[in-house]
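Trainee: I have a structure here, written as structure tokens, and I will follow up with some questions on it.
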Amino acid sequence: MLDHRLDSEYEELRRTVAEFANDVVAPTIGDFYEREEFPYEIVKEMGRMGLFGLPFPEEYGGMGGDYFALCLALEELARVDSSVAITLEAGVSLGAMPIFRFGTEEQKREWLPRLAAGEMLGAFGLTEPEGGSDAGATRTTARFDEATREWVINGTKCFITNSGTDITGLVTVTALTEPIARSSEDGGESSSKREISSIIVPVGTPGFQVSKKYSKVGWNASDTRELSFTDCRVPEANLLGQRGRGFAQFLRILDEGRIAIAALSTGLAQGCVDQSLQYAATRRAFGRPIGTNQAIQFKISDMEMRAHLSRLAWRDAASRLLLAEPFKKEAAIAKLYSSEAAVDNAREATQIHGGYGFMNEYPVARFWRDSKILEIGEGTSEVQRMLIARELGMATS
């Protein structure tokens, strides 16, 4: 018989992160958000709690947990604030996970302990100004210099989370290492004649420049920047995994990351329910609480339905990942549904709050601003529909 309840260990983690989110994050994050300031003390405390090490083995400084545990933490954090949640999500699934999945033993031992402790943040340099959803159309190049045994990197990356904080230590960059005229087993038309590899670039490497923070609509307490590489040289040993496997690597990382974003989206959707219930019980109009009006009740009921189904979707995908079963389709479904549920719930929560929902002092205003990017980042809704159709065996152009 299926049992969707969490076991005691998962439930204890969920409750611990929920308490942290409510007691530590909620009282202060609004100020960080309005100042567009990275919340270093909150992130430091998350590191002390072991959140950045949740899915990694103890031998690398991790907590010995799994990806499901990470997603539980992301949902509870996003229930209160998405800037904090995306900092954790990007730091783990995009920053540290590529090294854990594909790195050499030396790379793991050099980087993972500090990443798992939250003492250092990693970033994933994939998206480029002219690439967007076509992530395989990489223009950044990495030429191997035989004389010095170094990779020489040139190019630009954009929208890179956690790439410019005071504690950022590395960026894993996808780059074109050699154009080749052969078919690729990795799939994707744009990669069929291109050899793409992943290379670790430590912060401070000459030729690696981090631009100023973007002015963003949402996620204002998280760090997002453009990166440029001009004859940036790193040792041969900084190649992550096998040369030419970069495309396959980031496809795997994105598949996993979609589950994490689905969990984050679920948290935002549930946070909208939480805030709307509180407001509907205390806000009075025409002599009674607005929550007594059927129109409000129906809105909140639909919001709870979307949050509930989002949770089931990401947990199903995460369970398949842990069981080493195929999960690409389920991850795409979870990401697609939950991100759209988050946008819908944020819109309805703002409507329920009326004029106050447009005021930044109310969390739902922050939720509304933060929700839209969830339909875009780590694969747009359109890309998710393409992936689902492909997994169903439908031909795509």
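Residues are named by chain letter and number: chains run A, B, ... in the order of the structure tokens, numbers start at 1 in each chain, and ligands are numbered from 1 in the order shown.
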Using DSSP on the backbone, list every residue of region 19-89 of chain A that comes out as alpha helix (DSSP H), and give them as a PyMOL selection string.
Mentor: chain A and resi 19-20+29-35+40-49+67-78+82-89
Trainee: Please, which residues in region 82-189 of chain A fall within 8 Å of region 244-264 of chain A when counting only C-alpha atoms, and what is the closest atom pair and distance in Å to one decimal for each, ordered by chain then residue number, as CSV?
Mentor:
```
residue,atom,partner,partner_atom,distance
A:Ser82,CA,A:Leu264,CA,7.3
A:Ala85,CA,A:Leu264,CA,6.8
A:Ile86,CA,A:Leu264,CA,7.7
A:Glu89,CA,A:Ala260,CA,6.7
A:Ser93,CA,A:Gly257,CA,5.9
A:Leu94,CA,A:Ile253,CA,7.0
A:Met97,CA,A:Ile253,CA,7.5
A:Pro98,CA,A:Ile253,CA,6.8
A:Phe102,CA,A:Gln249,CA,7.6
A:Gly136,CA,A:Phe247,CA,6.8
A:Thr174,CA,A:Gly246,CA,6.4
A:Ala175,CA,A:Gly246,CA,7.9
A:Thr177,CA,A:Gly244,CA,7.4
A:Asp186,CA,A:Ala248,CA,5.4
```
Trainee: Hey, can you spit out that residue selection with N, CA, C and O atoms as a compact mmCIF listing (two decimals), in the first residue's frame?
Mentor:
```txt
# COMPACT_ATOMS: atom_id res chain seq x y z
N SER A 82 11.58 33.14 -1.23
CA SER A 82 12.19 32.44 -2.35
C SER A 82 13.64 32.83 -2.59
O SER A 82 14.40 32.06 -3.18
N ALA A 85 15.55 30.48 -0.52
CA ALA A 85 15.40 29.14 -1.08
C ALA A 85 16.23 28.96 -2.34
O ALA A 85 16.89 27.92 -2.52
N ILE A 86 16.23 29.94 -3.24
CA ILE A 86 16.99 29.78 -4.48
C ILE A 86 18.48 29.82 -4.22
O ILE A 86 19.27 29.20 -4.95
N GLU A 89 19.07 26.26 -3.31
CA GLU A 89 18.87 25.38 -4.47
C GLU A 89 20.04 25.50 -5.44
O GLU A 89 20.61 24.48 -5.87
N SER A 93 22.22 22.17 -5.95
CA SER A 93 21.95 21.40 -7.17
C SER A 93 22.72 21.90 -8.38
O SER A 93 23.01 21.12 -9.29
N LEU A 94 23.10 23.17 -8.39
CA LEU A 94 23.85 23.71 -9.53
C LEU A 94 25.32 23.94 -9.20
O LEU A 94 26.18 23.80 -10.07
N MET A 97 26.49 19.98 -6.85
CA MET A 97 26.10 18.68 -7.41
C MET A 97 26.90 18.27 -8.64
O MET A 97 27.25 17.09 -8.79
N PRO A 98 27.23 19.19 -9.57
CA PRO A 98 28.05 18.76 -10.71
C PRO A 98 29.39 18.17 -10.29
O PRO A 98 29.86 17.20 -10.90
N PHE A 102 30.13 14.31 -11.18
CA PHE A 102 31.05 14.09 -12.28
C PHE A 102 32.51 14.34 -11.96
O PHE A 102 33.38 14.06 -12.79
N GLY A 136 22.33 24.29 -25.60
CA GLY A 136 23.38 23.61 -26.35
C GLY A 136 24.10 24.53 -27.31
O GLY A 136 25.15 24.17 -27.86
N THR A 174 30.26 25.73 -18.81
CA THR A 174 30.18 24.91 -20.01
C THR A 174 30.80 25.70 -21.16
O THR A 174 30.55 26.89 -21.33
N ALA A 175 31.62 25.00 -21.94
CA ALA A 175 32.33 25.68 -23.02
C ALA A 175 32.53 24.74 -24.20
O ALA A 175 32.61 23.52 -24.05
N THR A 177 34.76 23.05 -26.50
CA THR A 177 36.18 22.69 -26.46
C THR A 177 36.71 22.30 -27.83
O THR A 177 37.92 22.35 -28.06
N ASP A 186 24.25 12.49 -27.00
CA ASP A 186 23.61 13.26 -25.94
C ASP A 186 22.27 13.82 -26.35
O ASP A 186 21.48 14.24 -25.52
```
Trainee: When you draw a straight line from CA of Ser83 (chain A) to CA of Gly164 (chain A), how long is it in Å?
Mentor: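 Here the two named atoms are 14.8 Å from each other.
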Trainee: Identify all residues of region 42-187 of chain A in strand (DSSP E or B) (DSSP on the backbone) and supply them as a PDB file with N, CA, C and O atoms, in the first residue's frame.
Mentor:
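Saved result, result-v6.pdb, follows:
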```
ATOM      1  N   LEU A 121      30.085  29.165  -1.727  1.00  0.00           N
ATOM      2  CA  LEU A 121      29.014  28.912  -2.681  1.00  0.00           C
ATOM      3  C   LEU A 121      29.613  28.611  -4.049  1.00  0.00           C
ATOM      4  O   LEU A 121      30.618  29.209  -4.450  1.00  0.00           O
ATOM      5  N   GLY A 122      28.987  27.686  -4.749  1.00  0.00           N
ATOM      6  CA  GLY A 122      29.360  27.406  -6.122  1.00  0.00           C
ATOM      7  C   GLY A 122      28.256  27.864  -7.053  1.00  0.00           C
ATOM      8  O   GLY A 122      27.106  28.026  -6.653  1.00  0.00           O
ATOM      9  N   ALA A 123      28.609  28.096  -8.311  1.00  0.00           N
ATOM     10  CA  ALA A 123      27.637  28.518  -9.317  1.00  0.00           C
ATOM     11  C   ALA A 123      27.826  27.680 -10.573  1.00  0.00           C
ATOM     12  O   ALA A 123      28.857  27.025 -10.756  1.00  0.00           O
ATOM     13  N   PHE A 124      26.813  27.704 -11.425  1.00  0.00           N
ATOM     14  CA  PHE A 124      26.807  26.901 -12.648  1.00  0.00           C
ATOM     15  C   PHE A 124      26.662  27.831 -13.832  1.00  0.00           C
ATOM     16  O   PHE A 124      25.593  28.429 -14.037  1.00  0.00           O
ATOM     17  N   GLY A 125      27.721  28.007 -14.614  1.00  0.00           N
ATOM     18  CA  GLY A 125      27.707  28.932 -15.738  1.00  0.00           C
ATOM     19  C   GLY A 125      27.265  28.262 -17.017  1.00  0.00           C
ATOM     20  O   GLY A 125      28.095  27.749 -17.776  1.00  0.00           O
ATOM     21  N   THR A 141      34.163  29.469 -25.438  1.00  0.00           N
ATOM     22  CA  THR A 141      35.133  28.487 -25.896  1.00  0.00           C
ATOM     23  C   THR A 141      36.185  28.220 -24.818  1.00  0.00           C
ATOM     24  O   THR A 141      36.470  29.078 -23.986  1.00  0.00           O
ATOM     25  N   ALA A 142      36.724  27.035 -24.869  1.00  0.00           N
ATOM     26  CA  ALA A 142      37.844  26.670 -23.996  1.00  0.00           C
ATOM     27  C   ALA A 142      38.876  25.949 -24.863  1.00  0.00           C
ATOM     28  O   ALA A 142      38.667  24.803 -25.260  1.00  0.00           O
ATOM     29  N   ARG A 143      39.972  26.639 -25.160  1.00  0.00           N
ATOM     30  CA  ARG A 143      41.040  26.071 -25.992  1.00  0.00           C
ATOM     31  C   ARG A 143      42.103  25.465 -25.081  1.00  0.00           C
ATOM     32  O   ARG A 143      42.532  26.077 -24.102  1.00  0.00           O
ATOM     33  N   PHE A 144      42.515  24.249 -25.418  1.00  0.00           N
ATOM     34  CA  PHE A 144      43.546  23.622 -24.593  1.00  0.00           C
ATOM     35  C   PHE A 144      44.927  24.010 -25.100  1.00  0.00           C
ATOM     36  O   PHE A 144      45.254  23.787 -26.271  1.00  0.00           O
ATOM     37  N   ASP A 145      45.729  24.614 -24.224  1.00  0.00           N
ATOM     38  CA  ASP A 145      47.090  25.027 -24.547  1.00  0.00           C
ATOM     39  C   ASP A 145      48.035  23.883 -24.197  1.00  0.00           C
ATOM     40  O   ASP A 145      48.298  23.615 -23.018  1.00  0.00           O
ATOM     41  N   GLU A 150      46.943  24.013 -19.966  1.00  0.00           N
ATOM     42  CA  GLU A 150      45.871  24.823 -19.381  1.00  0.00           C
ATOM     43  C   GLU A 150      44.725  24.978 -20.374  1.00  0.00           C
ATOM     44  O   GLU A 150      44.922  24.932 -21.597  1.00  0.00           O
ATOM     45  N   TRP A 151      43.524  25.198 -19.816  1.00  0.00           N
ATOM     46  CA  TRP A 151      42.369  25.581 -20.611  1.00  0.00           C
ATOM     47  C   TRP A 151      42.315  27.109 -20.672  1.00  0.00           C
ATOM     48  O   TRP A 151      42.433  27.779 -19.639  1.00  0.00           O
ATOM     49  N   VAL A 152      42.112  27.646 -21.875  1.00  0.00           N
ATOM     50  CA  VAL A 152      42.026  29.092 -22.062  1.00  0.00           C
ATOM     51  C   VAL A 152      40.586  29.415 -22.453  1.00  0.00           C
ATOM     52  O   VAL A 152      40.133  29.067 -23.553  1.00  0.00           O
ATOM     53  N   ILE A 153      39.865  30.071 -21.559  1.00  0.00           N
ATOM     54  CA  ILE A 153      38.420  30.258 -21.712  1.00  0.00           C
ATOM     55  C   ILE A 153      38.104  31.675 -22.156  1.00  0.00           C
ATOM     56  O   ILE A 153      38.640  32.654 -21.603  1.00  0.00           O
ATOM     57  N   ASN A 154      37.196  31.802 -23.129  1.00  0.00           N
ATOM     58  CA  ASN A 154      36.715  33.091 -23.599  1.00  0.00           C
ATOM     59  C   ASN A 154      35.206  33.009 -23.826  1.00  0.00           C
ATOM     60  O   ASN A 154      34.719  32.055 -24.454  1.00  0.00           O
ATOM     61  N   GLY A 155      34.477  33.994 -23.322  1.00  0.00           N
ATOM     62  CA  GLY A 155      33.030  34.010 -23.527  1.00  0.00           C
ATOM     63  C   GLY A 155      32.299  34.733 -22.430  1.00  0.00           C
ATOM     64  O   GLY A 155      32.906  35.346 -21.533  1.00  0.00           O
ATOM     65  N   THR A 156      30.987  34.659 -22.489  1.00  0.00           N
ATOM     66  CA  THR A 156      30.118  35.358 -21.540  1.00  0.00           C
ATOM     67  C   THR A 156      28.983  34.447 -21.101  1.00  0.00           C
ATOM     68  O   THR A 156      28.413  33.718 -21.918  1.00  0.00           O
ATOM     69  N   LYS A 157      28.657  34.508 -19.825  1.00  0.00           N
ATOM     70  CA  LYS A 157      27.516  33.799 -19.261  1.00  0.00           C
ATOM     71  C   LYS A 157      26.595  34.817 -18.597  1.00  0.00           C
ATOM     72  O   LYS A 157      27.053  35.831 -18.068  1.00  0.00           O
ATOM     73  N   CYS A 158      25.285  34.537 -18.592  1.00  0.00           N
ATOM     74  CA  CYS A 158      24.344  35.495 -17.998  1.00  0.00           C
ATOM     75  C   CYS A 158      23.354  34.796 -17.072  1.00  0.00           C
ATOM     76  O   CYS A 158      23.157  33.584 -17.159  1.00  0.00           O
ATOM     77  N   PHE A 159      22.765  35.590 -16.187  1.00  0.00           N
ATOM     78  CA  PHE A 159      21.741  35.127 -15.234  1.00  0.00           C
ATOM     79  C   PHE A 159      22.279  34.036 -14.305  1.00  0.00           C
ATOM     80  O   PHE A 159      21.572  33.075 -13.991  1.00  0.00           O
ATOM     81  N   ILE A 160      23.500  34.179 -13.841  1.00  0.00           N
ATOM     82  CA  ILE A 160      24.139  33.128 -13.050  1.00  0.00           C
ATOM     83  C   ILE A 160      23.950  33.416 -11.556  1.00  0.00           C
ATOM     84  O   ILE A 160      24.459  34.413 -11.031  1.00  0.00           O
ATOM     85  N   THR A 161      23.233  32.518 -10.876  1.00  0.00           N
ATOM     86  CA  THR A 161      22.911  32.677  -9.456  1.00  0.00           C
ATOM     87  C   THR A 161      24.109  32.313  -8.594  1.00  0.00           C
ATOM     88  O   THR A 161      24.823  31.359  -8.874  1.00  0.00           O
ATOM     89  N   THR A 168      31.365  33.273  -2.739  1.00  0.00           N
ATOM     90  CA  THR A 168      31.406  32.443  -3.939  1.00  0.00           C
ATOM     91  C   THR A 168      32.836  31.985  -4.191  1.00  0.00           C
ATOM     92  O   THR A 168      33.764  32.802  -4.172  1.00  0.00           O
ATOM     93  N   GLY A 169      33.017  30.682  -4.406  1.00  0.00           N
ATOM     94  CA  GLY A 169      34.357  30.151  -4.579  1.00  0.00           C
ATOM     95  C   GLY A 169      34.671  29.621  -5.959  1.00  0.00           C
ATOM     96  O   GLY A 169      35.830  29.564  -6.363  1.00  0.00           O
ATOM     97  N   LEU A 170      33.630  29.237  -6.709  1.00  0.00           N
ATOM     98  CA  LEU A 170      33.879  28.655  -8.028  1.00  0.00           C
ATOM     99  C   LEU A 170      32.648  28.762  -8.903  1.00  0.00           C
ATOM    100  O   LEU A 170      31.533  28.917  -8.419  1.00  0.00           O
ATOM    101  N   VAL A 171      32.891  28.687 -10.199  1.00  0.00           N
ATOM    102  CA  VAL A 171      31.818  28.577 -11.188  1.00  0.00           C
ATOM    103  C   VAL A 171      32.193  27.435 -12.134  1.00  0.00           C
ATOM    104  O   VAL A 171      33.316  27.389 -12.641  1.00  0.00           O
ATOM    105  N   THR A 172      31.276  26.502 -12.331  1.00  0.00           N
ATOM    106  CA  THR A 172      31.471  25.456 -13.331  1.00  0.00           C
ATOM    107  C   THR A 172      30.913  25.978 -14.646  1.00  0.00           C
ATOM    108  O   THR A 172      29.725  26.294 -14.741  1.00  0.00           O
ATOM    109  N   VAL A 173      31.777  26.069 -15.653  1.00  0.00           N
ATOM    110  CA  VAL A 173      31.432  26.706 -16.918  1.00  0.00           C
ATOM    111  C   VAL A 173      31.326  25.656 -18.020  1.00  0.00           C
ATOM    112  O   VAL A 173      32.193  24.783 -18.143  1.00  0.00           O
ATOM    113  N   THR A 174      30.256  25.730 -18.806  1.00  0.00           N
ATOM    114  CA  THR A 174      30.176  24.914 -20.010  1.00  0.00           C
ATOM    115  C   THR A 174      30.798  25.695 -21.160  1.00  0.00           C
ATOM    116  O   THR A 174      30.551  26.888 -21.329  1.00  0.00           O
ATOM    117  N   ALA A 175      31.624  24.999 -21.937  1.00  0.00           N
ATOM    118  CA  ALA A 175      32.333  25.681 -23.023  1.00  0.00           C
ATOM    119  C   ALA A 175      32.527  24.744 -24.197  1.00  0.00           C
ATOM    120  O   ALA A 175      32.612  23.518 -24.049  1.00  0.00           O
ATOM    121  N   LEU A 176      32.623  25.340 -25.365  1.00  0.00           N
ATOM    122  CA  LEU A 176      32.892  24.609 -26.593  1.00  0.00           C
ATOM    123  C   LEU A 176      34.389  24.320 -26.641  1.00  0.00           C
ATOM    124  O   LEU A 176      35.205  25.231 -26.774  1.00  0.00           O
ATOM    125  N   THR A 177      34.759  23.051 -26.499  1.00  0.00           N
ATOM    126  CA  THR A 177      36.177  22.693 -26.463  1.00  0.00           C
ATOM    127  C   THR A 177      36.711  22.303 -27.832  1.00  0.00           C
ATOM    128  O   THR A 177      37.918  22.352 -28.060  1.00  0.00           O
ATOM    129  N   GLU A 178      35.829  21.899 -28.741  1.00  0.00           N
ATOM    130  CA  GLU A 178      36.284  21.591 -30.096  1.00  0.00           C
ATOM    131  C   GLU A 178      35.089  21.301 -30.982  1.00  0.00           C
ATOM    132  O   GLU A 178      34.271  20.443 -30.647  1.00  0.00           O
ATOM    133  N   PRO A 179      34.946  22.017 -32.113  1.00  0.00           N
ATOM    134  CA  PRO A 179      33.882  21.653 -33.054  1.00  0.00           C
ATOM    135  C   PRO A 179      34.247  20.360 -33.751  1.00  0.00           C
ATOM    136  O   PRO A 179      35.368  20.205 -34.246  1.00  0.00           O
TER     137      PRO A 179
END
```
Trainee: Ranking A:Arg149, A:Arg284, A:Arg114, A:Arg79 by minimum distance to Phe52 (chain A) and counting only C-alpha atoms, which one comes first?
Mentor: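 Going through A:Arg149, A:Arg284, A:Arg114, A:Arg79 one by one, the smallest distance to Phe52 (chain A) is for A:Arg114.
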Trainee: Residues near Leu268 (chain A), anyone? I mean within 8 Å using only C-alpha atoms, not counting same-chain ones fewer than 3 positions away, as a VMD selection string.
Mentor: chain A and resid 75 78 to 82 264 to 265 271 to 272 342 346 367 371
Trainee: Only N, CA and C atoms, please: the residues just picked out, written as a compact mmCIF listing (two decimals), in the first residue's frame.
Mentor:
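Result file is part-v1.txt:
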```txt
# COMPACT_ATOMS: atom_id res chain seq x y z
N GLU A 75 11.17 23.47 -0.03
CA GLU A 75 9.75 23.81 0.06
C GLU A 75 9.46 24.65 1.30
N ALA A 78 10.89 28.24 0.89
CA ALA A 78 10.15 29.03 -0.08
C ALA A 78 8.76 29.38 0.41
N ARG A 79 8.27 28.64 1.37
CA ARG A 79 6.98 28.97 1.98
C ARG A 79 7.03 30.34 2.65
N VAL A 80 8.25 30.75 3.00
CA VAL A 80 8.46 32.05 3.63
C VAL A 80 9.17 33.03 2.70
N ASP A 81 10.20 32.56 1.99
CA ASP A 81 10.92 33.46 1.08
C ASP A 81 11.66 32.68 0.01
N SER A 82 11.58 33.14 -1.23
CA SER A 82 12.19 32.44 -2.35
C SER A 82 13.64 32.83 -2.59
N LEU A 264 10.53 24.14 -4.63
CA LEU A 264 10.55 25.56 -4.28
C LEU A 264 9.24 26.22 -4.70
N SER A 265 8.77 25.92 -5.90
CA SER A 265 7.51 26.48 -6.39
C SER A 265 6.34 26.06 -5.50
N GLY A 271 2.84 29.02 0.62
CA GLY A 271 2.96 30.26 1.36
C GLY A 271 1.85 31.24 1.03
N CYS A 272 1.42 31.24 -0.23
CA CYS A 272 0.30 32.09 -0.63
C CYS A 272 -0.98 31.66 0.08
N ALA A 342 2.37 28.22 -8.76
CA ALA A 342 2.92 29.30 -7.95
C ALA A 342 2.49 30.66 -8.50
N ALA A 346 0.05 33.15 -6.48
CA ALA A 346 0.53 34.49 -6.13
C ALA A 346 -0.43 35.57 -6.63
N PHE A 367 5.91 37.45 -2.92
CA PHE A 367 5.60 36.19 -3.61
C PHE A 367 5.20 36.45 -5.06
N SER A 371 7.34 34.89 -8.24
CA SER A 371 6.78 33.68 -8.84
C SER A 371 7.07 33.53 -10.33
```
Trainee: Pick out the residues sitting within 12 Å of Thr16 (chain A), and hand them over as a PyMOL selection string; count only C-alpha atoms, and ignore anything fewer than 3 positions along from it in its own chain.
Mentor: chain A and resi 9-13+19-24+46+49-51+69+72-73+76-77
Trainee: When distances are computed from only C-alpha atoms, which of A:Leu227, A:Ala307, A:Ile167, A:Ala281 shows the smallest separation from Thr87 (chain A)?
Mentor: A:Ile167
Trainee: Would you list the contacts of Gly207 (chain A) as a list of chain:residue names, taking every protein, DNA or RNA residue within 6 Å and counting only C-alpha atoms, but skipping same-chain residues closer than 5 positions in sequence?
Mentor: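 The filter keeps A:Phe229, A:Thr230, A:Asp231, A:Cys232.
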Trainee: Set the distance at 7 Å and use only C-alpha atoms: which residues neighbour region 310-317 of chain A once local chain neighbours fewer than 6 positions away are removed? I'd like the list as a list in words.
Mentor: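 Listed by chain and then number, they are Ile259, Ala262, Ala263, Thr266, Phe327, Glu330, Ala331, Ala334, Tyr337 and Ser338 of chain A.
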Trainee: If we count only C-alpha atoms and set the cut-off at 8 Å, which residues sit around Leu322 (chain A), ignoring sequence neighbours fewer than 2 positions away in its own chain? Please answer as a list in words.
Mentor: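 Listed by chain and then number, they are Asp66, Tyr67, Phe68, Ala318, Ser319, Arg320, Ala324 and Glu325 of chain A.
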Trainee: Calculated over only C-alpha atoms, which of the candidates A:Leu54, A:Met394, A:Leu277, A:Cys71 has the smallest distance to Ser301 (chain A)?
Mentor: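 Going through A:Leu54, A:Met394, A:Leu277, A:Cys71 one by one, the smallest distance to Ser301 (chain A) is for A:Leu277.
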Trainee: For CA of Pro57 (chain A) and CA of Glu106 (chain A), determine how far apart the two atoms are, in Å to one decimal place.
Mentor: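 CA of Glu106 (chain A) lies at a distance of 15.3 Å from CA of Pro57 (chain A).
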